[in-house]
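Chemist: Okay, handing you the structure first.
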Amino acid sequence: MPHSRRSFLQLSTAASAALAFRILTEPMLAQARRGKVVPEGAVLLDSNENPLGPCAAAREAVVAITPQSGRYLDRLTEDFAKLFAQQLGVTDEYLGVFAGSSEPLHYTVSAFASPQASYVTADPGYEAGVHSAGNAGACVVRVPLTKAYAHDVKAMLAAAPDAGVFYVCTPNNPTGTLTSHSDIEYLMENKPKGAIVLVDEAYIHFCDAPSCIDLVKAGKDVIVLRTFSKIYGMAGLRCGAAIGRPDLVQKIQNYGGGNPMPVTAVAAATASLREANLVAERKRINTQVREETFAWLDRHGYSYIPSESNCFMVDTRRPAREVITAMAQQKVIIGRVWPAMPTCTRITVGTREEMQQFQAAFENVMKGKVTVGALRPDPRRIDGFALPS
Ligand SMILES: Cc1ncc(COP(=O)(O)O)c(C=O)c1O
């Protein structure tokens, strides 16, 4: 199996017990790299957040619901689930609503990965499920992306005949690259019986690729994750969903569902869904700023992986950690680094102004105007800003 690399998360018994129910999230991953202190006024391009935040209607909905938020208001979540399900073309028993998509990601892995059922993921890929799989005592199988940076579904199948979960993130985090619908179908048709395909569509709205909701409708062993943290700009409000056959949604709910939703999040998500042009408009803005940034990188001879999402990988031509450190010194926070691509780092697409700040800082660093050497006495600490190794 030339393409597979197997590893078990090595946690001490005490640590694994303590972490068994901890859900790993994007901000935790970012914070682990950048430390808790972010310089005042820094440009934050390290967590794939949406700099636009919630749309105006969502903000108004939050304000309007707040006086009633002394109540649980279950009905609000039920109505939201009905609306969302209707827009996706399914009925509401196909939809589990959660405070973000990190929860259902963790619950799905908990439900379907085990010491007998491996967790199979792309490398580089989004790491949260790896952590959950480690908690479940499952073997983690990392399979390199293809040369076109798609999930290598044939290699994923070959690498884990005992798979319990195939995690496919499309567009992928961190590369922003797509895996075709036909490849996901191939994975579905050839996976071991009892395994689940977990399709993470956190970034689907930024690209033109078709969703895998049709596979849900066809009754396949698939769970699709959606979040309001990305295009809808609600990362701090927390709303997401798992879409799958009712028996699958029920199964993952048993691993931690049932907590009432924050009513502010539900009100904001409902208002966002009702804004007919919101997704198209935000996609247009993101695409424009991303392509302007790519044009700038091209003009200056820098390499990057062409992305269809709100993040991309740029080649730093040296250990990327050094560049992250030097960029942070200029108050532009980027990152992180994936071991499979040590000389690349991930950049979130910010506003046009933020990307201009990125460009100025990146040019300084790449041209040696900000010398990483000057930081060498302690490259992990700059002006009180800690970057753990
Ligand atoms: C691919 C992917 N899936 C899931 C998540 C979880 O996001 P949230 O819990 O905010 O929905 C993230 C966060 O960045 C992500 O990048």
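Just so we're on the same page: first chain in the structure tokens is A, next is B, and so on; residues restart at 1 for each chain, and ligands are numbered from 1 in the order they show up.
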Using only C-alpha atoms and all ligand atoms, which residues of the polymer chains come no farther than 7 Å from ligand 1? I'd like the answer as an MDAnalysis selection string.
Modeler: chainID A and resid 25:26 47:48 100:103 126 169 172:173 200 202 227:229 235 238:240
Chemist: For the residues selected in the previous step, produce a file with C-alpha atoms as a compact mmCIF listing (two decimals), in the first residue's frame.
Modeler:
```
# COMPACT_ATOMS: atom_id res chain seq x y z
CA THR A 25 -12.13 22.75 16.54
CA GLU A 26 -10.52 25.18 14.10
CA SER A 47 -8.96 30.32 10.98
CA ASN A 48 -10.97 30.40 7.74
CA GLY A 100 -21.70 24.18 14.56
CA SER A 101 -20.51 21.23 12.47
CA SER A 102 -17.65 20.25 14.80
CA GLU A 103 -20.14 18.44 17.04
CA TYR A 126 -8.81 18.87 8.32
CA CYS A 169 -13.73 17.31 2.86
CA ASN A 172 -10.64 20.43 1.19
CA ASN A 173 -9.27 22.25 4.21
CA ASP A 200 -17.70 17.70 4.96
CA ALA A 202 -18.18 23.35 5.25
CA THR A 227 -21.98 24.85 8.81
CA PHE A 228 -23.06 28.47 9.15
CA SER A 229 -19.51 29.39 10.24
CA ALA A 235 -18.50 31.09 13.45
CA ARG A 238 -22.56 28.47 16.24
CA CYS A 239 -24.96 26.67 13.96
CA GLY A 240 -24.44 23.61 11.78
```
Chemist: For region 132-243 of chain A versus region 321-340 of chain A, which residues have an atom no more than 12 Å away, and what is each residue's nearest atom pair and distance in Å rounded to one decimal, using only C-alpha atoms, chain-then-number order, as a tab-separated table?
Modeler:
```
residue	atom	partner	partner_atom	distance
A:Arg142	CA	A:Ala340	CA	10.2
A:Val143	CA	A:Ala340	CA	10.5
A:Pro144	CA	A:Ala340	CA	8.2
A:Leu145	CA	A:Ala340	CA	10.0
A:Asn173	CA	A:Trp338	CA	10.6
A:Pro174	CA	A:Trp338	CA	8.5
A:Thr175	CA	A:Trp338	CA	10.4
```
Chemist: Please tabulate, as a Markdown table, the residues of region 235-269 of chain A that come within 12 Å of region 50-70 of chain A, each with its closest pair of atoms and the distance in Å to one decimal, counting only C-alpha atoms and ordering rows by chain, then residue number upward.
Modeler:
```
| residue | atom | partner | partner_atom | distance |
| --- | --- | --- | --- | --- |
| A:Ala235 | CA | A:Asn50 | CA | 8.0 |
| A:Gly236 | CA | A:Gly53 | CA | 9.1 |
| A:Leu237 | CA | A:Pro54 | CA | 8.8 |
| A:Arg238 | CA | A:Pro54 | CA | 11.2 |
| A:Cys239 | CA | A:Pro54 | CA | 11.8 |
| A:Pro260 | CA | A:Ser69 | CA | 11.8 |
| A:Met261 | CA | A:Ser69 | CA | 10.9 |
| A:Pro262 | CA | A:Ser69 | CA | 8.4 |
| A:Val263 | CA | A:Ser69 | CA | 6.4 |
| A:Thr264 | CA | A:Val62 | CA | 5.0 |
| A:Ala265 | CA | A:Val62 | CA | 7.4 |
| A:Val266 | CA | A:Val62 | CA | 8.7 |
| A:Ala267 | CA | A:Ala61 | CA | 5.6 |
| A:Ala268 | CA | A:Ala58 | CA | 4.1 |
| A:Ala269 | CA | A:Ala58 | CA | 6.8 |
```
Chemist: Could you take the residues named above and write them with N, CA and C atoms, as a PDB file, in the first residue's frame?
Modeler:
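The result, stored in result.pdb:
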```
ATOM      1  N   ALA A 235     -19.360  32.016  12.694  1.00  0.00           N
ATOM      2  CA  ALA A 235     -18.503  31.092  13.450  1.00  0.00           C
ATOM      3  C   ALA A 235     -18.695  31.239  14.957  1.00  0.00           C
ATOM      4  N   GLY A 236     -18.869  32.473  15.421  1.00  0.00           N
ATOM      5  CA  GLY A 236     -19.039  32.697  16.854  1.00  0.00           C
ATOM      6  C   GLY A 236     -20.465  32.487  17.344  1.00  0.00           C
ATOM      7  N   LEU A 237     -21.413  32.481  16.421  1.00  0.00           N
ATOM      8  CA  LEU A 237     -22.818  32.264  16.819  1.00  0.00           C
ATOM      9  C   LEU A 237     -23.130  30.781  16.978  1.00  0.00           C
ATOM     10  N   ARG A 238     -22.508  29.929  16.143  1.00  0.00           N
ATOM     11  CA  ARG A 238     -22.558  28.475  16.244  1.00  0.00           C
ATOM     12  C   ARG A 238     -23.838  27.842  15.743  1.00  0.00           C
ATOM     13  N   CYS A 239     -23.860  27.470  14.501  1.00  0.00           N
ATOM     14  CA  CYS A 239     -24.961  26.669  13.965  1.00  0.00           C
ATOM     15  C   CYS A 239     -24.428  25.784  12.837  1.00  0.00           C
ATOM     16  N   PRO A 260     -30.082  21.786  23.748  1.00  0.00           N
ATOM     17  CA  PRO A 260     -30.834  22.823  23.029  1.00  0.00           C
ATOM     18  C   PRO A 260     -29.903  23.808  22.326  1.00  0.00           C
ATOM     19  N   MET A 261     -30.325  24.282  21.186  1.00  0.00           N
ATOM     20  CA  MET A 261     -29.521  25.227  20.410  1.00  0.00           C
ATOM     21  C   MET A 261     -29.604  26.622  21.027  1.00  0.00           C
ATOM     22  N   PRO A 262     -28.530  27.415  20.907  1.00  0.00           N
ATOM     23  CA  PRO A 262     -28.638  28.830  21.287  1.00  0.00           C
ATOM     24  C   PRO A 262     -29.666  29.516  20.378  1.00  0.00           C
ATOM     25  N   VAL A 263     -30.626  30.185  20.970  1.00  0.00           N
ATOM     26  CA  VAL A 263     -31.711  30.735  20.142  1.00  0.00           C
ATOM     27  C   VAL A 263     -31.217  31.845  19.225  1.00  0.00           C
ATOM     28  N   THR A 264     -30.190  32.555  19.652  1.00  0.00           N
ATOM     29  CA  THR A 264     -29.629  33.605  18.799  1.00  0.00           C
ATOM     30  C   THR A 264     -29.068  33.002  17.506  1.00  0.00           C
ATOM     31  N   ALA A 265     -28.401  31.862  17.636  1.00  0.00           N
ATOM     32  CA  ALA A 265     -27.822  31.194  16.457  1.00  0.00           C
ATOM     33  C   ALA A 265     -28.924  30.732  15.514  1.00  0.00           C
ATOM     34  N   VAL A 266     -29.976  30.157  16.076  1.00  0.00           N
ATOM     35  CA  VAL A 266     -31.064  29.645  15.232  1.00  0.00           C
ATOM     36  C   VAL A 266     -31.771  30.801  14.528  1.00  0.00           C
ATOM     37  N   ALA A 267     -31.995  31.880  15.263  1.00  0.00           N
ATOM     38  CA  ALA A 267     -32.660  33.039  14.649  1.00  0.00           C
ATOM     39  C   ALA A 267     -31.798  33.599  13.515  1.00  0.00           C
ATOM     40  N   ALA A 268     -30.495  33.705  13.751  1.00  0.00           N
ATOM     41  CA  ALA A 268     -29.596  34.253  12.730  1.00  0.00           C
ATOM     42  C   ALA A 268     -29.505  33.323  11.517  1.00  0.00           C
ATOM     43  N   ALA A 269     -29.438  32.019  11.769  1.00  0.00           N
ATOM     44  CA  ALA A 269     -29.341  31.057  10.661  1.00  0.00           C
ATOM     45  C   ALA A 269     -30.631  31.076   9.839  1.00  0.00           C
TER      46      ALA A 269
END
```
Chemist: Check the smallest atom-to-atom distance from each of A:Ala150, A:Ile231, A:Ala159, A:Cys344 to Lys283 (chain A) using only C-alpha atoms, then report the winner.
Modeler: A:Ile231
Chemist: What is the distance between CA of Gln359 (chain A) and CA of Phe294 (chain A), in Å to one decimal?
Modeler: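 Calculated distance between CA of Gln359 (chain A) and CA of Phe294 (chain A) is 10.5 Å.
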Chemist: Near region 352-356 of chain A, within 7 Å and counting only C-alpha atoms, which residues show up once chain neighbours fewer than 6 positions away are dropped, as a list in words?
Modeler: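 My reading of the contact set: Val43, Val289 and Thr293 of chain A.
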Chemist: Which residue gives the smallest distance to Val249 (chain A) among A:Leu95, A:Val365, A:Leu24, A:Ala158, with only C-alpha atoms counted?
Modeler: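 The closest residue to Val249 (chain A) is A:Leu95.
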Chemist: Using only C-alpha atoms, which residue out of A:Asn286, A:Glu185, A:Tyr149, A:Gln250 lies closest to His205 (chain A)?
Modeler: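 Smallest separation from His205 (chain A) among the options: A:Asn286.
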Chemist: Env of Asn310 (chain A): 8 Å cut, atoms = only C-alpha atoms, seq-sep filter 3 positions within chain, self excluded. Answer as a ChimeraX atom specification.
Modeler: /A:48,176,203,206,286-287,290,307,348-349
Chemist: For the residues in that selection, give me N, CA and C atoms as a PDB file, in the first residue's frame.
Modeler:
```
ATOM      1  N   ASN A  48      -9.925  30.556   8.759  1.00  0.00           N
ATOM      2  CA  ASN A  48     -10.974  30.405   7.739  1.00  0.00           C
ATOM      3  C   ASN A  48     -12.316  30.979   8.170  1.00  0.00           C
ATOM      4  N   GLY A 176      -8.272  23.840  -0.324  1.00  0.00           N
ATOM      5  CA  GLY A 176      -9.339  24.504  -1.080  1.00  0.00           C
ATOM      6  C   GLY A 176      -9.641  23.823  -2.399  1.00  0.00           C
ATOM      7  N   TYR A 203     -17.236  24.220   3.162  1.00  0.00           N
ATOM      8  CA  TYR A 203     -16.841  25.294   2.240  1.00  0.00           C
ATOM      9  C   TYR A 203     -17.544  25.205   0.887  1.00  0.00           C
ATOM     10  N   PHE A 206     -18.584  28.209  -1.472  1.00  0.00           N
ATOM     11  CA  PHE A 206     -17.605  29.077  -2.133  1.00  0.00           C
ATOM     12  C   PHE A 206     -17.274  28.608  -3.546  1.00  0.00           C
ATOM     13  N   ASN A 286     -15.808  36.648  -2.308  1.00  0.00           N
ATOM     14  CA  ASN A 286     -14.670  35.792  -1.956  1.00  0.00           C
ATOM     15  C   ASN A 286     -13.852  35.430  -3.193  1.00  0.00           C
ATOM     16  N   THR A 287     -14.565  35.074  -4.274  1.00  0.00           N
ATOM     17  CA  THR A 287     -13.864  34.675  -5.502  1.00  0.00           C
ATOM     18  C   THR A 287     -13.036  35.843  -6.039  1.00  0.00           C
ATOM     19  N   ARG A 290     -10.005  36.489  -3.766  1.00  0.00           N
ATOM     20  CA  ARG A 290      -9.062  35.359  -3.889  1.00  0.00           C
ATOM     21  C   ARG A 290      -8.317  35.438  -5.227  1.00  0.00           C
ATOM     22  N   SER A 307      -7.090  27.396  -5.473  1.00  0.00           N
ATOM     23  CA  SER A 307      -8.157  26.966  -4.565  1.00  0.00           C
ATOM     24  C   SER A 307      -9.501  27.448  -5.068  1.00  0.00           C
ATOM     25  N   THR A 348      -6.168  32.333   4.891  1.00  0.00           N
ATOM     26  CA  THR A 348      -7.604  32.551   4.721  1.00  0.00           C
ATOM     27  C   THR A 348      -7.802  33.802   3.865  1.00  0.00           C
ATOM     28  N   VAL A 349      -8.796  33.761   2.978  1.00  0.00           N
ATOM     29  CA  VAL A 349      -9.100  34.942   2.168  1.00  0.00           C
ATOM     30  C   VAL A 349      -9.871  35.928   3.050  1.00  0.00           C
TER      31      VAL A 349
END
```
Chemist: Please provide the set of residues having any atom within 10 Å of Ser114 (chain A), restricted to only C-alpha atoms, with same-chain residues fewer than 4 positions apart removed, written as an MDAnalysis selection string.
Modeler: chainID A and resid 109:110 118:119 133:139 163:165
